[in-house]
Structure formats: structure tokens, C-alpha cells
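Heads up, final_14.json below (JSON, C-alpha atoms):
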[["chain", "number", "residue", "atom", "x", "y", "z"],
["P", 277, "MET", "CA", 0.00, 0.00, 0.00],
["P", 278, "TYR", "CA", 1.30, 3.45, -0.85],
["P", 279, "PRO", "CA", 0.15, 6.62, 0.92],
["P", 280, "HIS", "CA", -2.14, 8.73, -1.11],
["P", 281, "PRO", "CA", -0.46, 11.89, -2.36],
["P", 282, "PRO", "CA", -1.77, 15.07, -0.68],
["P", 283, "THR", "CA", -4.75, 16.45, -2.41],
["P", 284, "PRO", "CA", -4.68, 20.06, -3.63],
["P", 285, "ARG", "CA", -7.02, 20.98, -0.77],
["P", 286, "ARG", "CA", -4.65, 19.56, 1.84],
["P", 287, "ARG", "CA", -1.70, 21.29, 0.24],
["P", 288, "GLY", "CA", -3.60, 24.63, 0.26],
["P", 289, "ARG", "CA", -4.54, 24.25, 3.90],
["P", 290, "GLY", "CA", -0.92, 23.58, 4.91],
["P", 291, "TRP", "CA", 0.23, 26.64, 3.01],
["P", 292, "LEU", "CA", -2.32, 28.82, 4.79],
["P", 293, "ILE", "CA", -1.25, 27.48, 8.17],
["P", 294, "ALA", "CA", 2.37, 28.31, 7.38],
["P", 295, "VAL", "CA", 1.44, 31.85, 6.27],
["P", 296, "PHE", "CA", -0.63, 32.47, 9.41],
["P", 297, "ALA", "CA", 2.17, 31.14, 11.63],
["P", 298, "ALA", "CA", 4.73, 33.41, 9.98],
["P", 299, "ALA", "CA", 2.38, 36.39, 10.29],
["P", 300, "ALA", "CA", 1.74, 35.64, 13.95],
["P", 301, "LEU", "CA", 5.46, 35.36, 14.64],
["P", 302, "THR", "CA", 6.10, 38.66, 12.86],
["P", 303, "MET", "CA", 3.40, 40.37, 14.92],
["P", 304, "ILE", "CA", 4.88, 38.99, 18.15],
["P", 305, "VAL", "CA", 8.34, 40.26, 17.23],
["P", 306, "LEU", "CA", 6.97, 43.69, 16.25],
["P", 307, "ALA", "CA", 4.90, 43.91, 19.41],
["P", 308, "GLY", "CA", 7.97, 43.09, 21.49],
["P", 309, "ALA", "CA", 10.01, 45.71, 19.68],
["P", 310, "MET", "CA", 7.31, 48.36, 20.13],
["P", 311, "ALA", "CA", 6.92, 47.45, 23.80],
["P", 312, "TRP", "CA", 10.68, 47.97, 24.25],
["P", 313, "VAL", "CA", 10.62, 51.31, 22.46],
["P", 314, "TRP", "CA", 7.66, 52.60, 24.42],
["P", 315, "TRP", "CA", 8.55, 51.06, 27.77],
["P", 316, "SER", "CA", 8.94, 54.18, 29.85],
["P", 317, "ALA", "CA", 11.34, 52.56, 32.31],
["P", 318, "ARG", "CA", 13.95, 51.60, 29.73],
["P", 319, "PRO", "CA", 17.18, 53.63, 29.55],
["P", 320, "GLY", "CA", 17.15, 56.56, 27.15],
["P", 321, "GLY", "CA", 14.19, 57.09, 24.90],
["P", 322, "GLY", "CA", 14.47, 60.88, 24.81],
["P", 323, "GLU", "CA", 16.49, 63.42, 22.88],
["P", 324, "THR", "CA", 20.15, 62.66, 22.10],
["P", 325, "VAL", "CA", 22.77, 65.34, 22.80],
["P", 326, "ALA", "CA", 26.46, 65.18, 21.81],
["P", 327, "PHE", "CA", 29.09, 66.94, 23.93],
["P", 328, "ARG", "CA", 32.64, 67.93, 23.01],
["P", 329, "VAL", "CA", 35.10, 67.14, 25.79],
["P", 330, "GLY", "CA", 37.84, 69.66, 26.52],
["P", 331, "ASP", "CA", 39.43, 72.44, 24.51],
["P", 332, "PRO", "CA", 39.76, 71.44, 20.83],
["P", 333, "THR", "CA", 43.36, 72.68, 20.84],
["P", 334, "ALA", "CA", 44.37, 70.59, 23.87],
["P", 335, "THR", "CA", 45.02, 66.88, 24.21],
["P", 336, "VAL", "CA", 42.38, 64.90, 26.11],
["P", 337, "SER", "CA", 43.13, 61.37, 27.29],
["P", 338, "PRO", "CA", 40.66, 58.48, 26.88],
["P", 339, "GLU", "CA", 40.58, 58.22, 30.68],
["P", 340, "THR", "CA", 39.40, 61.83, 30.93],
["P", 341, "VAL", "CA", 36.65, 61.21, 28.37],
["P", 342, "ASP", "CA", 35.53, 58.11, 30.27],
["P", 343, "ARG", "CA", 35.50, 60.11, 33.52],
["P", 344, "VAL", "CA", 33.34, 62.80, 31.90],
["P", 345, "ALA", "CA", 30.91, 60.14, 30.65],
["P", 346, "GLU", "CA", 30.65, 58.70, 34.16],
["P", 347, "LEU", "CA", 29.93, 62.09, 35.70],
["P", 348, "LEU", "CA", 27.32, 62.98, 33.07],
["P", 349, "VAL", "CA", 25.47, 59.75, 33.87],
["P", 350, "ARG", "CA", 25.39, 60.72, 37.55],
["P", 351, "ARG", "CA", 24.09, 64.19, 36.79],
["P", 352, "VAL", "CA", 21.25, 62.96, 34.60],
["P", 353, "ARG", "CA", 20.33, 60.36, 37.23],
["P", 354, "SER", "CA", 20.15, 63.13, 39.83],
["P", 355, "MET", "CA", 17.25, 64.65, 37.87],
["P", 356, "GLU", "CA", 15.22, 61.53, 38.76],
["P", 357, "ALA", "CA", 13.67, 61.40, 35.28],
["P", 358, "GLY", "CA", 15.10, 58.00, 34.36],
["P", 359, "GLU", "CA", 18.28, 56.35, 33.18],
["P", 360, "PRO", "CA", 20.33, 57.82, 30.30],
["P", 361, "VAL", "CA", 22.27, 55.95, 27.65],
["P", 362, "VAL", "CA", 25.79, 57.38, 27.42],
["P", 363, "THR", "CA", 28.49, 56.45, 24.91],
["P", 364, "ALA", "CA", 32.03, 57.84, 24.67],
["P", 365, "GLY", "CA", 34.29, 57.87, 21.65],
["P", 366, "GLY", "CA", 37.18, 60.08, 20.66],
["P", 367, "ARG", "CA", 36.55, 63.53, 22.13],
["P", 368, "THR", "CA", 32.78, 63.13, 22.12],
["P", 369, "VAL", "CA", 30.31, 61.91, 24.73],
["P", 370, "THR", "CA", 26.80, 61.24, 23.43],
["P", 371, "VAL", "CA", 23.90, 61.22, 25.88],
["P", 372, "GLU", "CA", 20.49, 59.78, 25.07],
["P", 373, "LEU", "CA", 18.32, 61.40, 27.72],
["P", 374, "PRO", "CA", 15.44, 59.65, 29.48],
["P", 375, "ARG", "CA", 12.08, 60.19, 27.85],
["P", 376, "ASP", "CA", 10.77, 62.42, 30.66],
["P", 377, "ALA", "CA", 13.90, 64.55, 31.12],
["P", 378, "ASP", "CA", 13.74, 68.30, 30.55],
["P", 379, "VAL", "CA", 16.27, 68.73, 27.74],
["P", 380, "GLU", "CA", 17.20, 72.34, 28.48],
["P", 381, "GLU", "CA", 17.64, 71.65, 32.19],
["P", 382, "ALA", "CA", 19.67, 68.50, 31.51],
["P", 383, "VAL", "CA", 22.02, 70.23, 29.07],
["P", 384, "ALA", "CA", 22.59, 73.14, 31.47],
["P", 385, "LEU", "CA", 23.39, 70.72, 34.28],
["P", 386, "MET", "CA", 25.78, 68.63, 32.19],
["P", 387, "GLU", "CA", 27.66, 71.68, 30.89],
["P", 388, "ARG", "CA", 28.36, 73.00, 34.40],
["P", 389, "ARG", "CA", 31.96, 72.54, 35.51],
["P", 390, "GLY", "CA", 30.69, 71.91, 39.04],
["P", 391, "SER", "CA", 33.46, 73.69, 40.98],
["P", 392, "LEU", "CA", 32.24, 74.30, 44.54],
["P", 393, "THR", "CA", 33.66, 76.60, 47.22],
["P", 394, "VAL", "CA", 32.31, 77.74, 50.58],
["P", 395, "HIS", "CA", 33.11, 81.27, 51.80],
["P", 396, "PRO", "CA", 32.44, 83.34, 54.90],
["P", 397, "VAL", "CA", 30.31, 86.39, 54.17],
["P", 398, "VAL", "CA", 32.19, 89.44, 55.41],
["P", 399, "GLY", "CA", 29.69, 92.13, 54.45],
["P", 400, "LEU", "CA", 27.39, 93.58, 51.82],
["P", 401, "ALA", "CA", 28.39, 95.78, 48.91],
["P", 402, "GLY", "CA", 26.80, 99.12, 49.65],
["P", 403, "PRO", "CA", 25.30, 101.64, 47.20],
["P", 404, "VAL", "CA", 27.41, 104.24, 45.42],
["P", 405, "GLY", "CA", 29.19, 106.42, 47.98],
["P", 406, "GLU", "CA", 29.14, 103.74, 50.68],
["P", 407, "PRO", "CA", 31.83, 101.19, 51.49],
["P", 408, "GLY", "CA", 32.03, 98.48, 48.85],
["P", 409, "ALA", "CA", 34.13, 95.47, 47.99],
["P", 410, "GLU", "CA", 37.14, 97.59, 47.14],
["P", 411, "ASP", "CA", 37.12, 99.05, 50.67],
["P", 412, "ARG", "CA", 37.14, 95.69, 52.45],
["P", 413, "THR", "CA", 40.58, 94.20, 52.80],
["P", 414, "ASP", "CA", 39.08, 90.92, 54.00],
["P", 415, "ALA", "CA", 36.82, 90.58, 50.94],
["P", 416, "GLU", "CA", 38.10, 88.34, 48.17],
["P", 417, "LEU", "CA", 35.19, 88.84, 45.78],
["P", 418, "ALA", "CA", 31.65, 90.21, 45.51],
["P", 419, "LEU", "CA", 28.84, 88.08, 44.09],
["P", 420, "PRO", "CA", 25.08, 88.64, 43.81],
["P", 421, "SER", "CA", 23.03, 87.15, 46.63],
["P", 422, "PRO", "CA", 20.60, 84.45, 45.43],
["P", 423, "ASP", "CA", 17.72, 86.30, 47.12],
["P", 424, "GLY", "CA", 18.36, 89.43, 45.02],
["P", 425, "SER", "CA", 19.19, 91.58, 48.03],
["P", 426, "GLY", "CA", 22.49, 92.83, 46.60],
["P", 427, "ASP", "CA", 26.10, 91.70, 46.34],
["P", 428, "LEU", "CA", 27.66, 89.63, 49.09],
["P", 429, "LEU", "CA", 31.27, 90.35, 50.01],
["P", 430, "LEU", "CA", 33.00, 87.01, 50.44],
["P", 431, "GLY", "CA", 36.16, 86.09, 52.25],
["P", 432, "PRO", "CA", 38.62, 83.44, 51.04],
["P", 433, "ALA", "CA", 37.19, 79.98, 50.34],
["P", 434, "ALA", "CA", 37.71, 77.52, 53.16],
["P", 435, "LEU", "CA", 35.93, 74.46, 51.71],
["P", 436, "ASP", "CA", 35.68, 72.87, 48.25],
["P", 437, "ASN", "CA", 34.17, 69.81, 46.54],
["P", 438, "GLY", "CA", 36.47, 67.50, 48.47],
["P", 439, "GLY", "CA", 34.83, 68.50, 51.73],
["P", 440, "VAL", "CA", 31.29, 67.48, 50.72],
["P", 441, "ALA", "CA", 30.31, 63.81, 50.83],
["P", 442, "SER", "CA", 26.64, 64.02, 49.79],
["P", 443, "ALA", "CA", 23.49, 66.14, 49.81],
["P", 444, "GLU", "CA", 19.89, 64.96, 49.97],
["P", 445, "THR", "CA", 16.48, 66.57, 50.22],
["P", 446, "GLU", "CA", 14.06, 66.08, 53.08],
["P", 447, "HIS", "CA", 10.55, 67.40, 53.62],
["P", 448, "SER", "CA", 9.93, 69.27, 56.86],
["P", 449, "PRO", "CA", 6.30, 68.88, 57.98],
["P", 450, "ILE", "CA", 6.81, 71.61, 60.57],
["P", 451, "ALA", "CA", 7.92, 74.23, 58.04],
["P", 452, "SER", "CA", 5.86, 72.71, 55.19],
["P", 453, "ALA", "CA", 8.96, 73.09, 53.02],
["P", 454, "TRP", "CA", 11.98, 71.13, 51.86],
["P", 455, "LEU", "CA", 15.41, 71.03, 53.44],
["P", 456, "VAL", "CA", 18.78, 70.09, 51.98],
["P", 457, "ASN", "CA", 20.83, 67.85, 54.28],
["P", 458, "VAL", "CA", 24.55, 68.08, 53.54],
["P", 459, "ALA", "CA", 27.01, 65.47, 54.82],
["P", 460, "PHE", "CA", 30.68, 66.40, 54.97],
["P", 461, "THR", "CA", 33.84, 64.38, 54.70],
["P", 462, "GLU", "CA", 36.02, 64.18, 57.81],
["P", 463, "ARG", "CA", 38.10, 67.11, 56.63],
["P", 464, "GLY", "CA", 35.02, 69.02, 55.55],
["P", 465, "ALA", "CA", 33.29, 68.47, 58.89],
["P", 466, "ASP", "CA", 36.17, 70.04, 60.82],
["P", 467, "THR", "CA", 36.27, 73.03, 58.49],
["P", 468, "TRP", "CA", 32.50, 73.51, 58.61],
["P", 469, "ALA", "CA", 32.54, 73.46, 62.42],
["P", 470, "ARG", "CA", 35.27, 76.10, 62.47],
["P", 471, "MET", "CA", 33.56, 78.32, 59.88],
["P", 472, "THR", "CA", 30.18, 78.18, 61.60],
["P", 473, "GLY", "CA", 31.79, 78.77, 64.99],
["P", 474, "GLU", "CA", 33.42, 81.96, 63.72],
["P", 475, "ALA", "CA", 30.26, 83.17, 61.95],
["P", 476, "ALA", "CA", 28.16, 82.53, 65.06],
["P", 477, "CYS", "CA", 30.14, 85.19, 66.95],
["P", 478, "HIS", "CA", 28.29, 87.86, 64.96],
["P", 479, "PRO", "CA", 24.82, 89.10, 65.94],
["P", 480, "ALA", "CA", 21.68, 87.66, 64.35],
["P", 481, "GLY", "CA", 20.71, 89.43, 61.16],
["P", 482, "SER", "CA", 24.22, 90.58, 60.29],
["P", 483, "PRO", "CA", 25.68, 89.45, 56.95],
["P", 484, "GLU", "CA", 28.74, 88.06, 58.75],
["P", 485, "ARG", "CA", 26.53, 85.39, 60.27],
["P", 486, "ARG", "CA", 26.03, 83.89, 56.81],
["P", 487, "LEU", "CA", 28.09, 81.41, 54.79],
["P", 488, "ALA", "CA", 27.98, 81.36, 51.00],
["P", 489, "ILE", "CA", 28.09, 78.20, 48.91],
["P", 490, "VAL", "CA", 29.39, 79.07, 45.46],
["P", 491, "VAL", "CA", 29.21, 76.81, 42.39],
["P", 492, "ASP", "CA", 30.97, 77.92, 39.20],
["P", 493, "GLY", "CA", 31.15, 81.51, 40.39],
["P", 494, "GLU", "CA", 27.46, 81.69, 41.40],
["P", 495, "VAL", "CA", 26.17, 81.88, 44.97],
["P", 496, "VAL", "CA", 23.62, 79.05, 45.04],
["P", 497, "THR", "CA", 22.72, 79.57, 48.69],
["P", 498, "ALA", "CA", 23.93, 81.79, 51.54],
["P", 499, "PRO", "CA", 22.10, 80.68, 54.70],
["P", 500, "GLU", "CA", 22.29, 82.53, 58.00],
["P", 501, "LEU", "CA", 23.13, 80.49, 61.07],
["P", 502, "SER", "CA", 20.24, 79.98, 63.45],
["P", 503, "PRO", "CA", 20.38, 81.87, 66.77],
["P", 504, "ASP", "CA", 21.07, 78.70, 68.76],
["P", 505, "VAL", "CA", 24.50, 78.15, 67.14],
["P", 506, "ALA", "CA", 27.06, 79.24, 69.72],
["P", 507, "CYS", "CA", 30.12, 81.41, 69.11],
["P", 508, "GLU", "CA", 33.35, 79.41, 68.68],
["P", 509, "VAL", "CA", 31.33, 76.19, 68.92],
["P", 510, "GLY", "CA", 29.63, 76.04, 65.56],
["P", 511, "LEU", "CA", 27.95, 73.04, 63.97],
["P", 512, "SER", "CA", 29.67, 69.75, 64.58],
["P", 513, "GLY", "CA", 28.60, 66.20, 63.82],
["P", 514, "GLY", "CA", 29.62, 66.12, 60.19],
["P", 515, "SER", "CA", 26.37, 67.31, 58.64],
["P", 516, "THR", "CA", 24.09, 70.32, 58.40],
["P", 517, "ALA", "CA", 20.58, 71.16, 57.20],
["P", 518, "ILE", "CA", 20.06, 74.08, 54.84],
["P", 519, "SER", "CA", 16.59, 75.57, 55.10],
["P", 520, "GLY", "CA", 15.10, 78.33, 53.02],
["P", 521, "ALA", "CA", 11.41, 77.53, 52.50],
["P", 522, "PHE", "CA", 12.44, 75.62, 49.38],
["P", 523, "PRO", "CA", 9.84, 74.02, 47.13],
["P", 524, "GLU", "CA", 10.74, 70.42, 46.27],
["P", 525, "GLU", "CA", 12.15, 71.16, 42.81],
["P", 526, "GLU", "CA", 14.38, 73.97, 44.09],
["P", 527, "ALA", "CA", 15.65, 71.85, 46.97],
["P", 528, "SER", "CA", 16.46, 68.99, 44.61],
["P", 529, "ALA", "CA", 18.37, 71.31, 42.26],
["P", 530, "LEU", "CA", 20.36, 72.74, 45.17],
["P", 531, "ALA", "CA", 21.23, 69.27, 46.48],
["P", 532, "THR", "CA", 22.50, 68.30, 43.04],
["P", 533, "LEU", "CA", 24.69, 71.40, 42.71],
["P", 534, "VAL", "CA", 26.18, 71.00, 46.19],
["P", 535, "SER", "CA", 26.97, 67.29, 45.90],
["P", 536, "MET", "CA", 28.03, 66.79, 42.27],
["P", 537, "ASP", "CA", 31.66, 66.05, 41.46],
["P", 538, "PRO", "CA", 33.38, 68.62, 39.23],
["P", 539, "LEU", "CA", 34.16, 67.83, 35.60],
["P", 540, "PRO", "CA", 37.90, 67.45, 34.93],
["P", 541, "VAL", "CA", 37.63, 69.54, 31.73],
["P", 542, "GLU", "CA", 35.16, 71.83, 30.02],
["P", 543, "VAL", "CA", 32.20, 70.17, 28.30],
["P", 544, "THR", "CA", 30.13, 71.90, 25.59],
["P", 545, "VAL", "CA", 27.33, 70.89, 23.24],
["P", 546, "GLU", "CA", 28.59, 70.11, 19.75]]
Please, can you express the file's structure as C-alpha cells?
Amino acid sequence: MYPHPPTPRRRGRGWLIAVFAAAALTMIVLAGAMAWVWWSARPGGGETVAFRVGDPTATVSPETVDRVAELLVRRVRSMEAGEPVVTAGGRTVTVELPRDADVEEAVALMERRGSLTVHPVVGLAGPVGEPGAEDRTDAELALPSPDGSGDLLLGPAALDNGGVASAETEHSPIASAWLVNVAFTERGADTWARMTGEAACHPAGSPERRLAIVVDGEVVTAPELSPDVACEVGLSGGSTAISGAFPEEEASALATLVSMDPLPVEVTVE
């Protein structure tokens, strides 16, 4: 007995099954690809920005470029909008931002050099005809106060990036506002205690009772010590809370500026 050859009907049915199976497989693959593209939690997904690392006329090592890429990842993560996709090659670092990241804010943050210094405030720059920065021998520079009240006269920097370990936001239910908690390194803690102890010897309300945190030549905050901080005692313990009736977004931005590591070289958008 020999098997009957497949009839045309059977052959047609098998062909249709094969076509439907291939179509179903294609749809599954496409659905998976679309799910990956639109999955909001996946890295990247937003606008891609390319940055030039360092001065074009200077030599930049691969290690420096890799370090820049690492720091840019940290800065985008600090925005809490998602995970970026960062690639480095030659003198260029390319950043694919998270889908929900604010592009303008992210670019501004990544281009910042991130150089931090902390200064004692030694006075205020007065109006024309009154003592100003040029009349204060203890003033190293004058910078606008972040509250718009005028220029602050600042003494020499006593603390830099190496003295700050971290900075985090915390909501204060009592003040119905956000605080920025700064933790110092061992060296930074000793310096902060000394600076606050000296500032606390001045009366409440005087500019000399304030300390200015400067990032890239801009005073990002200049808090006044609370009245309970004692002269020559200062704030010990290795940490401090900066309050200023901050909304959450402003507190988060301040924490990022205070805690971020500085870039080893200049970074600009290509």
C-alpha cells in the first residue's frame, strides 16, 4: 500500500497554516520591539545630545573622556527622570536622555563645571558712595546674593568639593517646606565646624553670620546660622541642614549642585 499523495485541498490548507504562523510570529516580534521602544522605564528614549570634551586645541586622554561620561550619567540620574544611555568615543560623549527629562535643564546641568567653594560672608556691597568690595581688605570677591538683596562680600574659600560627601532633600512637615541635608567628609566636617563657629560670633541678622556656597562663580545659597548656634562652637557632627522655604524642585536642584563632582575639563554641546 502506498500513501495517497496530498490532495490540492490539503496542500492549500498547509500553506495557509504556514502563512498564518509566519504572520503571527512577525506580529509577536513587532509587538515586542514596540513594547521595548515605548517602555517608559527603559534607559534613554528621549532626545540625544552630543558633547565635546575639553578644549579642541588641547590633548584629552581616553581616561578623561571616560570620567566625563561617568559624571554625566550621575548628573542625569540626579534629575530623577530616568536612566540615560551614554556612549564615549574620541573627544565626544553622546547622551540619550530619558524620555521624561527636561532637555534644556539636563544640558545646562551637564555643561556646568561643578566647581564648589564655601566662603564666609564678610559684608554687603553698599550703594554708590558707601563702602564696597574695594574698601574691604578681608573681601576676596563680591557676588550677587541668590535672594536678590544685593552683592555679598566674600572672604577666602575655606571648603571645596572634596569637603562634601553628599546632599539629599528632606521634607519638613513643621515648616511645610523642603530642606537640603549636607554630609561632609572628615576634613570638611572640621572646616564647617570652624567656619560656623566663627560666623556665630556675629549678631543675628548681620551678613557676617552667613556662609555662601558658590558653584561655578554663582552663589547658590547663603544661609544665615540659626540663633542657637554658639560662638566658637559652631555646627559639629559632620552634617548640616540648609533651610530656606524651598519648594521640592528647588531643593532637589540645590542638592544636586552641592553634591556633584566637578568635571575634569570643560564640556560643551557640539
Query - Nearest residue to Leu347 in chain P from the set P:Ser535, P:Thr461, P:Ser482, P:Ser512 (distances using all atoms listed in the file) - result: P:Ser535
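Distances from P:Val362, P:Leu419, P:Val349, P:Val490 to Asn437 in chain P were compared using all atoms listed in the file, and the smallest one belongs to P:Val490.
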Counting all atoms listed in the file, which residues of range 386-499 of chain P fall within 12 Å of range 369-382 of chain P, and what is the closest atom pair for each with its distance in Å at one decimal, ordered by chain and rising number, as a tab-separated table?
residue	atom	partner	partner_atom	distance
P:Met386	CA	P:Ala382	CA	6.1
P:Glu387	CA	P:Ala382	CA	8.6
P:Arg388	CA	P:Ala382	CA	10.2
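If you measure from each of P:Gly438, P:Leu455, P:Pro449, P:Ala364 to Ala345 in chain P using all atoms listed in the file, the closest one turns out to be P:Ala364.
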Requested in this report: Could you please determine the separation between CA of Leu429 in chain P and CA of Val495 in chain P in Å, to one decimal place?
Outcome: 11.1 Å
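Residue nearest Arg367 in chain P, chosen from P:Ala531, P:Ala521, P:Ala334, P:Leu428 and counting all atoms listed in the file: P:Ala334.
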Requested in this report: Rank P:Val541, P:Gly431, P:Glu546, P:Ala384 by their smallest atom-to-atom distance to Glu339 in chain P, using only C-alpha atoms, and report the top residue only.
Outcome: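 Distance minimum relative to Glu339 in chain P lands on P:Val541.
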Report task. Give as JSON, numbers by chain every residue, naming chains and numbers as the document does, that has an atom within 12 Å of (24.4, 77.1, 61.8), counting all atoms listed in the file. Result -> {"P": [468, 469, 470, 471, 472, 473, 474, 475, 476, 477, 478, 480, 485, 486, 487, 498, 499, 500, 501, 502, 503, 504, 505, 506, 507, 508, 509, 510, 511, 512, 513, 515, 516, 517, 518, 519]}
Requested in this report: Would you mind telling me which residue in P:Leu400, P:Val440, P:Val329, P:Ala453 lies nearest to Ser425 in chain P when using only C-alpha atoms?
Outcome: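 Comparing P:Leu400, P:Val440, P:Val329, P:Ala453 against Ser425 in chain P, the winner is P:Leu400.
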Set up a box along x, y and z of the file covering all listed atoms of range 476-491 of chain P, add 6 Å on every one of the six sides, and write the centre and edge lengths in Å to one decimal, as AutoDock Vina command-line options.
--center_x 25.4 --center_y 83.7 --center_z 54.7 --size_x 21.4 --size_y 25.8 --size_z 36.6
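Coordinates place CA of Glu346 in chain P at a distance of 15.6 Å from CA of Gly358 in chain P.
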Query raised in the report: What does the distance from CA of Gly390 in chain P to CA of Leu348 in chain P come to in Å, to one decimal?
Result: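 Separating CA of Gly390 in chain P from CA of Leu348 in chain P is a distance of 11.3 Å.
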Requested in this report: Write out as a ChimeraX atom specification each polymer residue whose atoms come within 8 Å of Glu416 in chain P, counting all atoms listed in the file; drop sequence neighbours fewer than 2 positions from it.
Outcome: /P:413-414,418,429-432
Any chance you could turn range 537-545 of chain P into a file with all heavy atoms, as a PDB file, in the first residue's frame?
ATOM      1  N   ASP P 537      30.212  65.975  41.653  1.00  0.00           N
ATOM      2  CA  ASP P 537      31.658  66.051  41.457  1.00  0.00           C
ATOM      3  C   ASP P 537      31.963  66.961  40.278  1.00  0.00           C
ATOM      4  O   ASP P 537      31.230  66.962  39.280  1.00  0.00           O
ATOM      5  CB  ASP P 537      32.232  64.661  41.191  1.00  0.00           C
ATOM      6  CG  ASP P 537      32.171  63.778  42.426  1.00  0.00           C
ATOM      7  OD1 ASP P 537      32.368  64.306  43.535  1.00  0.00           O
ATOM      8  OD2 ASP P 537      31.918  62.558  42.286  1.00  0.00           O
ATOM      9  N   PRO P 538      33.057  67.709  40.337  1.00  0.00           N
ATOM     10  CA  PRO P 538      33.380  68.623  39.233  1.00  0.00           C
ATOM     11  C   PRO P 538      33.900  67.862  38.017  1.00  0.00           C
ATOM     12  O   PRO P 538      34.526  66.812  38.135  1.00  0.00           O
ATOM     13  CB  PRO P 538      34.473  69.516  39.833  1.00  0.00           C
ATOM     14  CG  PRO P 538      35.120  68.663  40.865  1.00  0.00           C
ATOM     15  CD  PRO P 538      34.028  67.807  41.437  1.00  0.00           C
ATOM     16  N   LEU P 539      33.625  68.401  36.831  1.00  0.00           N
ATOM     17  CA  LEU P 539      34.162  67.833  35.603  1.00  0.00           C
ATOM     18  C   LEU P 539      35.653  68.146  35.520  1.00  0.00           C
ATOM     19  O   LEU P 539      36.082  69.242  35.874  1.00  0.00           O
ATOM     20  CB  LEU P 539      33.442  68.406  34.387  1.00  0.00           C
ATOM     21  CG  LEU P 539      31.959  68.062  34.245  1.00  0.00           C
ATOM     22  CD1 LEU P 539      31.363  68.850  33.078  1.00  0.00           C
ATOM     23  CD2 LEU P 539      31.752  66.575  34.038  1.00  0.00           C
ATOM     24  N   PRO P 540      36.458  67.197  35.029  1.00  0.00           N
ATOM     25  CA  PRO P 540      37.899  67.445  34.926  1.00  0.00           C
ATOM     26  C   PRO P 540      38.261  68.450  33.843  1.00  0.00           C
ATOM     27  O   PRO P 540      39.317  69.082  33.909  1.00  0.00           O
ATOM     28  CB  PRO P 540      38.470  66.074  34.615  1.00  0.00           C
ATOM     29  CG  PRO P 540      37.352  65.325  33.955  1.00  0.00           C
ATOM     30  CD  PRO P 540      36.100  65.833  34.617  1.00  0.00           C
ATOM     31  N   VAL P 541      37.402  68.596  32.835  1.00  0.00           N
ATOM     32  CA  VAL P 541      37.630  69.545  31.735  1.00  0.00           C
ATOM     33  C   VAL P 541      36.300  70.162  31.337  1.00  0.00           C
ATOM     34  O   VAL P 541      35.228  69.718  31.754  1.00  0.00           O
ATOM     35  CB  VAL P 541      38.263  68.865  30.495  1.00  0.00           C
ATOM     36  CG1 VAL P 541      39.673  68.396  30.794  1.00  0.00           C
ATOM     37  CG2 VAL P 541      37.395  67.707  30.025  1.00  0.00           C
ATOM     38  N   GLU P 542      36.372  71.174  30.512  1.00  0.00           N
ATOM     39  CA  GLU P 542      35.165  71.835  30.018  1.00  0.00           C
ATOM     40  C   GLU P 542      34.397  70.910  29.072  1.00  0.00           C
ATOM     41  O   GLU P 542      34.983  70.165  28.289  1.00  0.00           O
ATOM     42  CB  GLU P 542      35.545  73.116  29.286  1.00  0.00           C
ATOM     43  CG  GLU P 542      34.355  73.921  28.772  1.00  0.00           C
ATOM     44  CD  GLU P 542      34.798  75.152  28.014  1.00  0.00           C
ATOM     45  OE1 GLU P 542      36.003  75.289  27.743  1.00  0.00           O
ATOM     46  OE2 GLU P 542      33.936  75.974  27.683  1.00  0.00           O
ATOM     47  N   VAL P 543      33.071  70.965  29.154  1.00  0.00           N
ATOM     48  CA  VAL P 543      32.198  70.167  28.297  1.00  0.00           C
ATOM     49  C   VAL P 543      31.181  71.098  27.646  1.00  0.00           C
ATOM     50  O   VAL P 543      30.513  71.874  28.339  1.00  0.00           O
ATOM     51  CB  VAL P 543      31.475  69.072  29.106  1.00  0.00           C
ATOM     52  CG1 VAL P 543      30.394  68.415  28.266  1.00  0.00           C
ATOM     53  CG2 VAL P 543      32.465  68.026  29.583  1.00  0.00           C
ATOM     54  N   THR P 544      31.073  71.040  26.304  1.00  0.00           N
ATOM     55  CA  THR P 544      30.133  71.903  25.588  1.00  0.00           C
ATOM     56  C   THR P 544      29.372  71.103  24.554  1.00  0.00           C
ATOM     57  O   THR P 544      29.864  70.098  24.017  1.00  0.00           O
ATOM     58  CB  THR P 544      30.879  73.054  24.886  1.00  0.00           C
ATOM     59  OG1 THR P 544      31.920  72.507  24.059  1.00  0.00           O
ATOM     60  CG2 THR P 544      31.480  74.013  25.890  1.00  0.00           C
ATOM     61  N   VAL P 545      28.157  71.558  24.249  1.00  0.00           N
ATOM     62  CA  VAL P 545      27.332  70.886  23.241  1.00  0.00           C
ATOM     63  C   VAL P 545      27.957  71.091  21.863  1.00  0.00           C
ATOM     64  O   VAL P 545      28.363  72.191  21.504  1.00  0.00           O
ATOM     65  CB  VAL P 545      25.890  71.448  23.253  1.00  0.00           C
ATOM     66  CG1 VAL P 545      25.072  70.860  22.107  1.00  0.00           C
ATOM     67  CG2 VAL P 545      25.213  71.135  24.572  1.00  0.00           C
TER      68      VAL P 545
END
